[in-house]
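K.L.:
First the structure, then my questions, so here it is.
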Amino acid sequence: MQGHLAAIDMGILLLYGCVLIAMGWYYKRKCRTADQFMVADRSIPAWAAGLAVMSAYTSSISYIATPGKAFDANWHPIIFSLCIPPVAWLVCKYAVPYYRKMQLISVYSFLEARLGSWGRICAALSFLLYMIGRSGVILYLVSVLLTEFVPWNIVIVIAIIGLITIVYTLLGGMEAVIWTDVMQSVVMIVGILFCAVSLSLEVFSGPTPLIRTALEAKKFGLGSWDLSLSSRTIWVMIIYGITENLRALLADQNYVQKYSSVPTERQAKRSIWIAMLIYIPLTAIFLYIGTMLFAFYSPGGHQLGEGIAKGDEVFPHYIATQLPMGLKGLIIAAIVAAAMSTVDSALNCSATVLLLDFHKRYINPRISERASVIYLRSTTVLWGLLGTGFAVVIIRAKSVLDVWWQISGIFGGVILGLFILSLLRVRLHLWQGLVSIGAGIATISWGVFARDLPPSWQWAQCDLDKIIVGAMGATALMVVAILFGLANRRGRVSA
């Protein structure tokens, strides 16, 4: 795929970058205390926080990979979205009231109250490493797309996007993050709706509409109901959807910090529902675009360019070859917006965790407001540079998706397991907690790396679908920890 950006398209992208930096500079005047940097003095309206939570759910992965999945297979990713309502209900019913009552900013302080300091440290450290990996993967993916339109080395593109995101995030703190996310959400939604409408006009028109091809290929299906965990069945997607959404809304600082930035508990709950009720149909639109692309490039339709080998490449190819100038710049800006709205949240939340869970907890509990703000801005830059550097490192990776599965499985699984333990009020000694975490990481490592083994090692191979590796690790961690907890309880009773 090769594309060209006309002067107007380049102008749109440059204007977009300038507006983001200007917004960061504007909100800098409102970002003079640590609370303002971290939760915007809890002054954000629910609808804006909801859009920000939704934008953290979406990214360049959603914009490129989700239509690609529908093009290659079917609508099975919608099951992930359909698992959100029961999880959101549980979080709003039990977690949000507690978080608001305790005035939590870092969600990992909750673990110290329930498990001890070891739980807080392990979860916070896992989150920080998880954010470096997530930022890097997202920056890399959006840069791969942009290099198809601009004659620059991918390292330069990664550096430019990373630098712009770092600048407006460190200047304006959470308020800049949320209001730029609101703008980016609007750009993203407008862009995706335009693509859906333009494809529909092509696919549904004519005496023999191309949509018939997609219907005959059963592209609107959800997958198999077979009782198997080794392929992408409906059951696998349900497990993944419940565990991943629970981790995100319950235990991910990215989301908790956003819905903690509103004035009241009621508005916090409302922001979650606003986010989810936008995200679910948005996912359907992404999948619809993938299905329409399958019909658009089917026999009798348009010819797919040479060298397009997988679904992830089809939507970028459509943008490059079918969209008129001006609109092409808008859609590319929308994809960049999806990436930046995820990375800016990662940077702000990482700085918050570094300050509250490490610096103020163990190094300098009496740090001044001015020093706290300086620390937050400095660590925003540091984590931004680390994420940007990781994006450069994975340029040589054979499969970035495999890298992402490994990162999310290892760190996401540990975080979810610790939070479920805390909700169950399992009390452990330090060594027991570390052994439990080790069991979780060992299980995840087996699920990630024990693939395609030689015949003599087939007995040790993991054939389970990779997307449930995090759930496997969380389960192993909990089982070992609960056994320790029961042994501790019996010991206390016998004593």
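Each chain in the structure tokens gets a letter, A, B and so on, in the order shown; residues start at 1 in every chain, and ligands are counted from 1 in the order they appear.
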Name the residues of segment 275-337 of chain A that come out as alpha helix (DSSP H) in a backbone DSSP run; write them as a count of residues only.
P.N.:
42
K.L.:
Write out as an MDAnalysis selection string each polymer residue whose atoms come within 9 Å of Asp344 of chain A, counting only C-alpha atoms; drop sequence neighbours fewer than 4 positions from it.
P.N.:
chainID A and resid 135 165:166 168:169 177 181 339:340 348:349 384
K.L.:
As a count of residues only, please: the residues near Arg232 of chain A (cut-off 8 Å, only C-alpha atoms, same-chain neighbours under 6 positions excluded).
P.N.:
3
K.L.:
Considering only C-alpha atoms, return as a PyMOL selection string whatever protein or nucleic-acid residues lie within 9 Å of segment 320-330 of chain A, sequence-local ones (same chain, fewer than 5 positions apart) excluded.
P.N.:
chain A and resi 1-13+148-149+187-188+190-191+194-195+315+335
K.L.:
Export C-alpha atoms of the chosen residues as a PDB file, in the first residue's frame?
P.N.:
ATOM      1  CA  MET A   1       0.000   0.000   0.000  1.00  0.00           C
ATOM      2  CA  GLN A   2       1.255   3.413  -0.934  1.00  0.00           C
ATOM      3  CA  GLY A   3      -0.627   6.645  -0.477  1.00  0.00           C
ATOM      4  CA  HIS A   4      -0.161  10.335  -0.901  1.00  0.00           C
ATOM      5  CA  LEU A   5      -1.184  13.234   1.272  1.00  0.00           C
ATOM      6  CA  ALA A   6      -2.148  16.405  -0.540  1.00  0.00           C
ATOM      7  CA  ALA A   7      -1.249  19.779   0.908  1.00  0.00           C
ATOM      8  CA  ILE A   8      -4.690  20.098   2.504  1.00  0.00           C
ATOM      9  CA  ASP A   9      -4.299  16.696   4.214  1.00  0.00           C
ATOM     10  CA  MET A  10      -0.883  17.639   5.598  1.00  0.00           C
ATOM     11  CA  GLY A  11      -2.383  20.952   6.706  1.00  0.00           C
ATOM     12  CA  ILE A  12      -5.110  19.134   8.647  1.00  0.00           C
ATOM     13  CA  LEU A  13      -2.547  16.957  10.437  1.00  0.00           C
ATOM     14  CA  GLU A 148       2.539   4.895   4.117  1.00  0.00           C
ATOM     15  CA  PHE A 149       1.628   8.536   3.480  1.00  0.00           C
ATOM     16  CA  VAL A 187     -12.846  13.534  15.426  1.00  0.00           C
ATOM     17  CA  MET A 188     -12.678   9.750  15.708  1.00  0.00           C
ATOM     18  CA  VAL A 190     -16.961  11.625  12.739  1.00  0.00           C
ATOM     19  CA  GLY A 191     -14.219   9.874  10.777  1.00  0.00           C
ATOM     20  CA  PHE A 194     -18.034   8.888   7.291  1.00  0.00           C
ATOM     21  CA  CYS A 195     -16.224   5.694   6.286  1.00  0.00           C
ATOM     22  CA  PHE A 315      -8.692  -0.411   5.964  1.00  0.00           C
ATOM     23  CA  ILE A 335      -6.579   7.363  13.765  1.00  0.00           C
TER      24      ILE A 335
END
K.L.:
Restricting the calculation to only C-alpha atoms: of A:Gly221, A:Gly491, A:Gly290, A:Gly387, which residue gets closest to Ile192 of chain A?
P.N.:
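Nearest to Ile192 of chain A: A:Gly290.
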K.L.:
Per residue of segment 204-229 of chain A within 10 Å of segment 299-306 of chain A, what are the shortest atom pair and its distance in Å to one decimal, counting only C-alpha atoms, with rows by chain and residue number, as JSON lines?
P.N.:
{"residue": "A:Thr208", "atom": "CA", "partner": "A:Gly300", "partner_atom": "CA", "distance": 9.4}
{"residue": "A:Pro209", "atom": "CA", "partner": "A:Gly301", "partner_atom": "CA", "distance": 9.4}
{"residue": "A:Leu210", "atom": "CA", "partner": "A:Gly301", "partner_atom": "CA", "distance": 6.9}
{"residue": "A:Thr213", "atom": "CA", "partner": "A:Pro299", "partner_atom": "CA", "distance": 8.4}
K.L.:
List as an NGL selection string the protein and nucleic acid residues near segment 484-490 of chain A, meaning an atom at most 8 Å away when only C-alpha atoms are counted, but skip any in the same chain fewer than 6 places from it.
P.N.:
:A and (426-428 or 432)
K.L.:
Got a sec: who's within 9 Å of Ser436 of chain A, counting only C-alpha atoms, leaving out chain neighbours fewer than 6 positions off, as a count of residues only?
P.N.:
7
K.L.:
Please provide the set of residues having any atom within 12 Å of Ile189 of chain A, restricted to only C-alpha atoms, with same-chain residues fewer than 6 positions apart removed, written as a ChimeraX atom specification.
P.N.:
/A:51,54-55,58,63,181-183,195-196,278-279,281-283,285-286,330-331,333-335,337-338
